[in-house]
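Structure file structure_29.txt; described as compact mmCIF, C-alpha atoms.
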```
# COMPACT_ATOMS: atom_id res chain seq x y z
CA MET A 28 -68.43 -112.74 225.75
CA LYS A 29 -68.27 -109.42 227.57
CA ALA A 30 -67.89 -107.60 224.24
CA VAL A 31 -70.97 -109.33 222.83
CA ARG A 32 -73.02 -108.41 225.90
CA GLN A 33 -71.92 -104.78 225.66
CA ALA A 34 -72.64 -104.74 221.91
CA LEU A 35 -76.14 -106.04 222.58
CA TRP A 36 -76.76 -103.19 225.03
CA ILE A 37 -75.63 -100.66 222.42
CA LEU A 38 -77.90 -102.27 219.80
CA LEU A 39 -80.81 -102.18 222.22
CA ALA A 40 -80.17 -98.51 222.98
CA ALA A 41 -80.07 -97.73 219.23
CA LEU A 42 -83.49 -99.33 218.80
CA VAL A 43 -85.16 -96.49 220.74
CA PRO A 44 -84.26 -93.57 218.42
CA ALA A 45 -84.68 -95.87 215.39
CA PHE A 46 -88.23 -96.62 216.47
CA LEU A 47 -88.94 -92.93 217.11
CA ALA A 48 -87.48 -92.01 213.70
CA SER A 49 -89.74 -94.57 212.00
CA ALA A 50 -92.76 -92.83 213.51
CA PHE A 51 -91.86 -89.14 213.63
CA HIS A 52 -88.82 -88.33 211.43
CA PRO A 53 -89.86 -85.83 208.71
CA LYS A 54 -87.60 -87.66 206.24
CA ARG A 55 -88.57 -91.20 207.25
CA PRO A 56 -88.57 -93.66 204.38
CA ALA A 57 -91.83 -95.07 203.03
CA TRP A 58 -92.44 -98.74 203.90
CA SER A 59 -93.51 -99.48 200.36
CA GLU A 60 -91.24 -98.89 197.39
CA ASP A 61 -94.19 -97.65 195.37
CA VAL A 62 -94.79 -94.73 197.72
CA LEU A 63 -93.35 -91.47 196.45
CA GLN A 64 -90.52 -89.79 198.33
CA PRO A 65 -90.93 -86.05 199.03
CA GLY A 66 -90.54 -84.07 195.79
CA GLU A 67 -90.97 -87.14 193.58
CA GLU A 68 -93.68 -87.57 190.93
CA ARG A 69 -94.79 -90.47 188.76
CA LEU A 70 -94.62 -90.24 184.97
CA GLY A 71 -98.41 -90.44 184.67
CA THR A 72 -98.87 -87.43 186.92
CA VAL A 73 -96.25 -85.39 185.05
CA GLN A 74 -97.85 -86.27 181.71
CA SER A 75 -101.19 -85.08 183.06
CA TRP A 76 -99.64 -81.63 183.52
CA GLY A 77 -99.36 -81.30 179.74
CA ASP A 78 -96.68 -79.61 177.66
CA SER A 79 -96.02 -76.76 180.06
CA VAL A 80 -93.48 -78.90 181.94
CA LEU A 81 -89.78 -78.25 181.46
CA TRP A 82 -87.88 -81.56 181.47
CA VAL A 83 -84.35 -81.49 182.83
CA ASP A 84 -81.96 -84.34 181.99
CA ALA A 85 -79.47 -84.79 184.85
CA ARG A 86 -77.53 -87.58 183.13
CA SER A 87 -74.18 -87.22 181.37
CA ARG A 88 -73.87 -85.38 178.06
CA LYS A 89 -73.08 -88.70 176.35
CA GLU A 90 -76.31 -90.29 177.58
CA PHE A 91 -78.27 -87.14 176.69
CA ASP A 92 -76.83 -87.09 173.16
CA THR A 93 -77.76 -90.75 172.64
CA GLU A 94 -81.40 -90.24 173.55
CA HIS A 95 -83.50 -87.99 175.77
CA ILE A 96 -87.06 -86.89 176.46
CA PRO A 97 -88.16 -84.52 173.65
CA ASN A 98 -87.42 -80.85 174.46
CA ALA A 99 -85.49 -81.79 177.62
CA VAL A 100 -82.68 -79.50 178.75
CA LEU A 101 -79.34 -81.02 179.71
CA LEU A 102 -78.31 -79.92 183.21
CA ASN A 103 -75.90 -82.06 185.19
CA LEU A 104 -73.62 -81.31 188.12
CA GLU A 105 -70.40 -81.84 186.14
CA GLU A 106 -71.18 -79.02 183.70
CA TRP A 107 -73.45 -76.95 185.93
CA ASP A 108 -71.75 -73.58 185.34
CA GLN A 109 -71.89 -73.92 181.56
CA LEU A 110 -75.41 -75.43 181.40
CA PHE A 111 -77.32 -73.43 184.02
CA PRO A 112 -77.54 -70.18 181.94
CA ALA A 113 -79.06 -72.20 179.05
CA PHE A 114 -81.58 -73.67 181.48
CA LEU A 115 -82.53 -70.18 182.71
CA ASP A 116 -83.09 -69.08 179.11
CA ARG A 117 -85.64 -71.87 178.65
CA TRP A 118 -87.35 -71.71 182.05
CA GLN A 119 -90.30 -69.39 182.68
CA PRO A 120 -90.87 -68.36 186.32
CA ASN A 121 -93.37 -70.72 188.04
CA GLN A 122 -93.04 -73.27 185.20
CA LYS A 123 -92.95 -76.81 186.61
CA VAL A 124 -89.52 -78.41 186.28
CA VAL A 125 -89.17 -82.21 186.27
CA VAL A 126 -85.68 -83.64 186.64
CA TYR A 127 -84.78 -87.18 185.64
CA CYS A 128 -81.70 -89.39 185.60
CA SER A 129 -81.18 -92.97 184.47
CA SER A 130 -83.32 -95.11 186.76
CA LEU A 131 -84.49 -95.72 190.32
CA ALA A 132 -80.89 -96.55 191.23
CA CYS A 133 -79.46 -93.14 190.42
CA HIS A 134 -79.99 -90.05 192.53
CA MET A 135 -78.33 -87.41 190.37
CA SER A 136 -81.81 -86.06 189.61
CA GLU A 137 -82.38 -85.38 193.32
CA GLU A 138 -79.06 -83.57 193.61
CA VAL A 139 -79.82 -81.44 190.55
CA ALA A 140 -83.35 -80.76 191.86
CA ASP A 141 -81.90 -79.67 195.23
CA ARG A 142 -79.46 -77.33 193.53
CA LEU A 143 -82.21 -75.84 191.37
CA ARG A 144 -84.30 -75.16 194.49
CA ARG A 145 -81.28 -73.52 196.13
CA ASN A 146 -81.10 -71.27 193.05
CA SER A 147 -84.73 -70.21 193.66
CA VAL A 148 -86.13 -72.34 190.84
CA GLU A 149 -89.56 -73.58 191.97
CA PRO A 150 -91.50 -75.84 191.64
CA VAL A 151 -89.04 -78.67 190.96
CA TYR A 152 -89.94 -82.38 190.91
CA VAL A 153 -88.00 -85.59 190.40
CA LEU A 154 -89.34 -88.23 188.00
CA LYS A 155 -89.71 -91.54 189.82
CA GLY A 156 -87.90 -94.22 187.85
CA GLY A 157 -86.14 -91.65 185.63
CA TRP A 158 -85.33 -92.36 182.00
CA GLU A 159 -86.12 -96.09 182.45
CA ALA A 160 -89.68 -95.21 183.46
CA TRP A 161 -90.04 -92.97 180.40
CA LYS A 162 -88.64 -95.64 178.04
CA SER A 163 -90.85 -98.37 179.44
CA LYS A 164 -93.96 -96.27 178.79
CA ARG A 165 -93.03 -95.63 175.13
CA MET B 4 -51.25 -88.86 229.73
CA ARG B 5 -48.46 -91.10 228.40
CA LEU B 6 -47.55 -91.25 224.73
CA PRO B 7 -49.13 -94.71 224.11
CA ASP B 8 -52.34 -93.51 225.80
CA LEU B 9 -52.38 -90.48 223.53
CA GLY B 10 -52.03 -92.78 220.53
CA LEU B 11 -54.95 -94.91 221.72
CA MET B 12 -57.04 -91.79 222.31
CA ALA B 13 -56.19 -90.59 218.77
CA CYS B 14 -57.38 -93.96 217.40
CA ARG B 15 -60.65 -93.59 219.33
CA ILE B 16 -61.12 -90.02 218.07
CA ILE B 17 -60.49 -91.00 214.42
CA LEU B 18 -62.72 -94.06 214.55
CA GLY B 19 -65.42 -92.61 216.80
CA GLY B 20 -65.40 -89.23 215.06
CA LEU B 21 -65.85 -90.71 211.62
CA PHE B 22 -68.61 -93.08 212.71
CA LEU B 23 -70.34 -90.25 214.56
CA VAL B 24 -70.35 -88.02 211.47
CA ALA B 25 -71.42 -90.93 209.24
CA GLY B 26 -74.23 -91.83 211.64
CA LEU B 27 -75.47 -88.25 212.03
CA THR B 28 -75.56 -87.55 208.29
CA LYS B 29 -77.54 -90.74 207.68
CA ALA B 30 -79.85 -90.22 210.67
CA TYR B 31 -80.66 -86.76 209.24
CA ASP B 32 -82.08 -88.29 206.03
CA PRO B 33 -83.15 -91.92 206.51
CA ALA B 34 -85.25 -91.84 203.32
CA GLY B 35 -82.17 -90.93 201.31
CA PHE B 36 -80.13 -93.60 203.06
CA ALA B 37 -82.83 -96.21 202.32
CA THR B 38 -82.46 -95.40 198.61
CA GLU B 39 -78.66 -95.67 198.91
CA ILE B 40 -79.06 -99.14 200.47
CA GLN B 41 -81.49 -100.09 197.71
CA ASN B 42 -78.86 -99.19 195.11
CA TYR B 43 -76.78 -102.15 196.32
CA HIS B 44 -79.60 -104.60 195.45
CA LEU B 45 -78.71 -106.77 198.43
CA VAL B 46 -81.86 -106.56 200.54
CA PRO B 47 -85.54 -106.05 199.73
CA TRP B 48 -86.94 -102.53 200.13
CA VAL B 49 -88.42 -103.16 203.60
CA GLY B 50 -85.08 -104.57 204.79
CA GLY B 51 -83.38 -101.44 203.47
CA VAL B 52 -85.88 -99.24 205.31
CA LEU B 53 -85.24 -101.09 208.59
CA LEU B 54 -81.49 -100.77 208.12
CA ALA B 55 -81.80 -97.08 207.17
CA LEU B 56 -83.67 -96.38 210.40
CA PHE B 57 -81.49 -98.53 212.66
CA LEU B 58 -77.89 -98.45 211.35
CA PRO B 59 -77.25 -94.69 211.74
CA TRP B 60 -78.14 -94.92 215.43
CA VAL B 61 -75.95 -97.99 215.90
CA GLU B 62 -73.09 -95.96 214.40
CA ILE B 63 -73.81 -92.96 216.63
CA PHE B 64 -74.15 -95.00 219.83
CA ALA B 65 -71.13 -97.19 219.05
CA ALA B 66 -69.06 -94.07 218.32
CA GLY B 67 -70.05 -92.56 221.69
CA ALA B 68 -69.57 -95.84 223.57
CA LEU B 69 -66.03 -96.07 222.26
CA PHE B 70 -65.17 -93.36 224.81
CA LEU B 71 -66.92 -95.10 227.73
CA LYS B 72 -64.74 -97.66 229.47
CA ARG B 73 -67.76 -99.76 230.39
CA PHE B 74 -68.80 -100.24 226.76
CA GLN B 75 -65.51 -99.99 224.89
CA ARG B 76 -65.28 -103.67 223.92
CA GLY B 77 -68.85 -103.80 222.66
CA ALA B 78 -68.44 -100.55 220.71
CA LEU B 79 -65.23 -101.80 219.11
CA LEU B 80 -66.88 -105.11 218.24
CA LEU B 81 -69.79 -103.30 216.53
CA ILE B 82 -67.57 -100.83 214.68
CA SER B 83 -65.29 -103.63 213.45
CA ALA B 84 -68.28 -105.70 212.35
CA MET B 85 -69.76 -102.72 210.50
CA LEU B 86 -66.45 -102.02 208.75
CA ILE B 87 -66.26 -105.65 207.59
CA ILE B 88 -69.92 -105.82 206.49
CA TYR B 89 -69.75 -102.45 204.67
CA SER B 90 -66.56 -103.52 202.90
CA ALA B 91 -68.17 -106.82 201.86
CA ALA B 92 -71.17 -104.91 200.46
CA LEU B 93 -68.85 -102.58 198.53
CA ILE B 94 -66.83 -105.48 197.11
CA SER B 95 -70.03 -107.25 196.08
CA ALA B 96 -71.28 -104.07 194.34
CA MET B 97 -67.95 -103.74 192.55
CA ALA B 98 -68.02 -107.40 191.49
CA ARG B 99 -71.50 -106.93 190.01
CA GLY B 100 -70.34 -103.86 188.09
CA LEU B 101 -72.70 -101.47 189.90
CA ASN B 102 -71.81 -97.84 189.33
CA ILE B 103 -73.07 -96.40 192.62
CA ASP B 104 -71.98 -94.03 195.33
CA CYS B 105 -71.00 -95.73 198.56
CA GLY B 106 -73.69 -93.91 200.58
CA CYS B 107 -71.39 -94.03 203.61
CA PHE B 108 -72.32 -90.51 204.67
CA GLY B 109 -75.90 -90.43 203.47
CA ARG B 110 -76.67 -87.62 201.06
CA LEU B 111 -75.65 -84.70 203.22
CA ILE B 112 -71.98 -85.11 202.36
CA SER B 113 -71.00 -85.88 198.77
CA SER B 114 -70.29 -89.56 198.61
CA THR B 115 -67.19 -91.22 197.30
CA GLY B 116 -67.02 -94.03 194.79
CA ILE B 117 -66.62 -97.66 195.76
CA VAL B 118 -62.83 -97.82 195.47
CA TRP B 119 -62.20 -94.81 197.71
CA ALA B 120 -64.71 -96.12 200.24
CA LEU B 121 -62.87 -99.44 200.33
CA ILE B 122 -59.53 -97.69 200.81
CA ARG B 123 -61.05 -95.60 203.63
CA ASN B 124 -62.48 -98.71 205.30
CA ALA B 125 -59.12 -100.45 205.05
CA GLY B 126 -57.52 -97.37 206.61
CA LEU B 127 -60.06 -97.38 209.44
CA MET B 128 -59.26 -100.99 210.21
CA ILE B 129 -55.80 -99.83 211.33
CA PRO B 130 -56.99 -97.78 214.36
CA ALA B 131 -59.57 -100.50 215.06
CA GLY B 132 -56.82 -103.14 215.06
CA ILE B 133 -54.60 -100.99 217.29
CA LEU B 134 -57.46 -100.61 219.78
CA TRP B 135 -58.16 -104.37 219.75
CA ILE B 136 -54.50 -105.23 220.35
CA PHE B 137 -53.28 -102.46 222.66
CA GLY B 138 -56.38 -100.68 223.96
CA LEU B 139 -58.14 -103.67 225.45
CA ARG B 140 -54.98 -105.45 226.48
CA GLY B 141 -54.04 -102.32 228.43
CA GLN B 142 -57.38 -102.44 230.24
CA ALA B 143 -56.86 -106.11 231.17
CA ARG B 144 -53.38 -105.33 232.52
CA VAL B 145 -54.73 -102.52 234.72
CA LYS B 146 -57.44 -104.86 236.03
CA ASN B 147 -54.90 -107.58 236.86
CA ARG B 148 -52.71 -105.04 238.67
CA ARG B 149 -55.68 -103.93 240.77
CA ARG B 150 -56.26 -107.55 241.84
```
I'd like the structure from this file rewritten - as structure tokens, please.
Amino acid sequence: MKAVRQALWILLAALVPAFLASAFHPKRPAWSEDVLQPGEERLGTVQSWGDSVLWVDARSRKEFDTEHIPNAVLLNLEEWDQLFPAFLDRWQPNQKVVVYCSSLACHMSEEVADRLRRNSVEPVYVLKGGWEAWKSKR
Amino acid sequence: MRLPDLGLMACRIILGGLFLVAGLTKAYDPAGFATEIQNYHLVPWVGGVLLALFLPWVEIFAAGALFLKRFQRGALLLISAMLIIYSAALISAMARGLNIDCGCFGRLISSTGIVWALIRNAGLMIPAGILWIFGLRGQARVKNRRR
């Protein structure tokens, strides 16, 4: 009983920073799933940018070889060292880069986007919904 | 400090240290953690958001309370419950064939796959068990002696 009472106190104490984080944390999650996370863009928005966008496929080579967005460049974390020079050959400075992976459930695209930004590639966006979003709009 | 006390302190450091790091990495990026929770398809998005905001702080506070005599039992209860619930979520993801990262350390530290996370959780249950059996019993003995 004592343990439960103590646990309740700890839970109550944790509520305070949790509440503050929900209001002020710069990386607080959106309450609606439809709201974009920082750095994310919807397919419609990306398509409105026209053909100047450079698509980056962050999935595996096998998935890329099966099917991919036309003119997309393969760039995943497993083969980063081999694939990054090929990406640089295709990318023009200041050209918008949009990274995608399989679906909402994967976050490889975010990891690849982060690494691109760390390599001074800007601006970089992540496609919300990834390949699934692209396929469903075809 | 006697040898058994050192062992108990080591258990607290392993358990508390790991939960502290796990809590801090997730508290740093609650949006990322909410997505990790969503990958399990166990709770609706809003539920995942609430958990992403709350759970990291429970982990941090429970990890700290593990070193405070006044709150040790409660902290151990919470940590044990979290280990069991996290393991159940991992097993359920594995049973449904989900190919996801465990999300145990948010996105700041590269995550492990489900199997390794389960092995780690099983390993963490050992210091938790030792603390339940010897740590708390030791406290009760000291209390009885004082009486």
Would you write out, as JSON lines, a table of all residues in chain B that have an atom no more than 10 Å from an atom of chain A, listing for each the closest atom pair and the distance in Å to one decimal, considering only C-alpha atoms and ordering rows by chain and rising residue number?
```
{"residue": "B:Ala30", "atom": "CA", "partner": "A:Ala48", "partner_atom": "CA", "distance": 8.4}
{"residue": "B:Tyr31", "atom": "CA", "partner": "A:Lys54", "partner_atom": "CA", "distance": 7.6}
{"residue": "B:Asp32", "atom": "CA", "partner": "A:Lys54", "partner_atom": "CA", "distance": 5.6}
{"residue": "B:Pro33", "atom": "CA", "partner": "A:Arg55", "partner_atom": "CA", "distance": 5.5}
{"residue": "B:Ala34", "atom": "CA", "partner": "A:Pro56", "partner_atom": "CA", "distance": 3.9}
{"residue": "B:Gly35", "atom": "CA", "partner": "A:Pro56", "partner_atom": "CA", "distance": 7.6}
{"residue": "B:Phe36", "atom": "CA", "partner": "A:Pro56", "partner_atom": "CA", "distance": 8.5}
{"residue": "B:Ala37", "atom": "CA", "partner": "A:Pro56", "partner_atom": "CA", "distance": 6.6}
{"residue": "B:Thr38", "atom": "CA", "partner": "A:Ala132", "partner_atom": "CA", "distance": 7.6}
{"residue": "B:Glu39", "atom": "CA", "partner": "A:Ala132", "partner_atom": "CA", "distance": 8.0}
{"residue": "B:Ile40", "atom": "CA", "partner": "A:Ala132", "partner_atom": "CA", "distance": 9.8}
{"residue": "B:Gln41", "atom": "CA", "partner": "A:Ala132", "partner_atom": "CA", "distance": 7.4}
{"residue": "B:Asn42", "atom": "CA", "partner": "A:Ala132", "partner_atom": "CA", "distance": 5.1}
{"residue": "B:Tyr43", "atom": "CA", "partner": "A:Ala132", "partner_atom": "CA", "distance": 8.6}
{"residue": "B:His44", "atom": "CA", "partner": "A:Ala132", "partner_atom": "CA", "distance": 9.2}
{"residue": "B:Pro47", "atom": "CA", "partner": "A:Glu60", "partner_atom": "CA", "distance": 9.4}
{"residue": "B:Trp48", "atom": "CA", "partner": "A:Glu60", "partner_atom": "CA", "distance": 6.3}
{"residue": "B:Val49", "atom": "CA", "partner": "A:Trp58", "partner_atom": "CA", "distance": 6.0}
{"residue": "B:Gly50", "atom": "CA", "partner": "A:Trp58", "partner_atom": "CA", "distance": 9.4}
{"residue": "B:Gly51", "atom": "CA", "partner": "A:Pro56", "partner_atom": "CA", "distance": 9.4}
{"residue": "B:Val52", "atom": "CA", "partner": "A:Pro56", "partner_atom": "CA", "distance": 6.3}
{"residue": "B:Leu53", "atom": "CA", "partner": "A:Ala45", "partner_atom": "CA", "distance": 8.6}
{"residue": "B:Leu54", "atom": "CA", "partner": "A:Ala45", "partner_atom": "CA", "distance": 9.3}
{"residue": "B:Ala55", "atom": "CA", "partner": "A:Pro56", "partner_atom": "CA", "distance": 8.1}
{"residue": "B:Leu56", "atom": "CA", "partner": "A:Ala45", "partner_atom": "CA", "distance": 5.1}
{"residue": "B:Phe57", "atom": "CA", "partner": "A:Ala45", "partner_atom": "CA", "distance": 5.0}
{"residue": "B:Leu58", "atom": "CA", "partner": "A:Ala41", "partner_atom": "CA", "distance": 8.2}
{"residue": "B:Pro59", "atom": "CA", "partner": "A:Ala45", "partner_atom": "CA", "distance": 8.4}
{"residue": "B:Trp60", "atom": "CA", "partner": "A:Ala41", "partner_atom": "CA", "distance": 5.1}
{"residue": "B:Val61", "atom": "CA", "partner": "A:Ala41", "partner_atom": "CA", "distance": 5.3}
{"residue": "B:Glu62", "atom": "CA", "partner": "A:Ala41", "partner_atom": "CA", "distance": 8.7}
{"residue": "B:Ile63", "atom": "CA", "partner": "A:Ala41", "partner_atom": "CA", "distance": 8.3}
{"residue": "B:Phe64", "atom": "CA", "partner": "A:Ile37", "partner_atom": "CA", "distance": 6.4}
{"residue": "B:Ala65", "atom": "CA", "partner": "A:Ile37", "partner_atom": "CA", "distance": 6.6}
{"residue": "B:Gly67", "atom": "CA", "partner": "A:Ile37", "partner_atom": "CA", "distance": 9.9}
{"residue": "B:Ala68", "atom": "CA", "partner": "A:Ile37", "partner_atom": "CA", "distance": 7.8}
{"residue": "B:Arg73", "atom": "CA", "partner": "A:Gln33", "partner_atom": "CA", "distance": 8.1}
{"residue": "B:Phe74", "atom": "CA", "partner": "A:Gln33", "partner_atom": "CA", "distance": 5.6}
{"residue": "B:Gln75", "atom": "CA", "partner": "A:Ala30", "partner_atom": "CA", "distance": 8.0}
{"residue": "B:Arg76", "atom": "CA", "partner": "A:Ala30", "partner_atom": "CA", "distance": 4.7}
{"residue": "B:Gly77", "atom": "CA", "partner": "A:Ala34", "partner_atom": "CA", "distance": 4.0}
{"residue": "B:Ala78", "atom": "CA", "partner": "A:Ala34", "partner_atom": "CA", "distance": 6.1}
{"residue": "B:Leu79", "atom": "CA", "partner": "A:Ala30", "partner_atom": "CA", "distance": 8.2}
{"residue": "B:Leu80", "atom": "CA", "partner": "A:Ala30", "partner_atom": "CA", "distance": 6.6}
{"residue": "B:Leu81", "atom": "CA", "partner": "A:Ala34", "partner_atom": "CA", "distance": 6.3}
{"residue": "B:Ile82", "atom": "CA", "partner": "A:Ala34", "partner_atom": "CA", "distance": 9.7}
{"residue": "B:Leu101", "atom": "CA", "partner": "A:Ala132", "partner_atom": "CA", "distance": 9.6}
{"residue": "B:Asn102", "atom": "CA", "partner": "A:Cys133", "partner_atom": "CA", "distance": 9.0}
{"residue": "B:Ile103", "atom": "CA", "partner": "A:Cys133", "partner_atom": "CA", "distance": 7.5}
{"residue": "B:Asp104", "atom": "CA", "partner": "A:Cys133", "partner_atom": "CA", "distance": 9.0}
{"residue": "B:Arg110", "atom": "CA", "partner": "A:Glu138", "partner_atom": "CA", "distance": 8.8}
{"residue": "B:Ser113", "atom": "CA", "partner": "A:Glu138", "partner_atom": "CA", "distance": 9.8}
```
Enclose the full set of atoms of stretch 119-129 of chain A listed in the file within a box whose edges lie along x, y and z, apply 6 Å of padding to each of the six sides, and report centre and edge lengths in Å to one decimal as JSON.
```
{"center_x": -87.3, "center_y": -80.7, "center_z": 185.4, "size_x": 24.2, "size_y": 36.6, "size_z": 17.4}
```
* Between atom CA of A:Lys155 and atom CA of B:Gly26, what is the spacing in Å? -> 26.8 Å
* Counting only C-alpha atoms, the residue of B:Gly138, B:Pro130, B:Gly100, B:Gly116 that sits nearest B:Leu21 ->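 The shortest atom-to-atom distance to B:Leu21 comes from B:Pro130.
Going from atom CA of A:Ser87 over to atom CA of B:Val46, you cover 28.3 Å.
What separates atom CA of B:Leu121 from atom CA of B:Ala66 is a distance of 19.8 Å.
Using all atoms listed in the file, the smallest distance between any of B:Ile129, B:Gly109, B:Leu71, B:Asn124 and B:Leu93 comes from B:Asn124.
Minimum distance to B:Leu139 across B:Leu18, B:Ala92, B:Leu69, B:Ala120 (counting all atoms listed in the file) occurs at B:Leu69.
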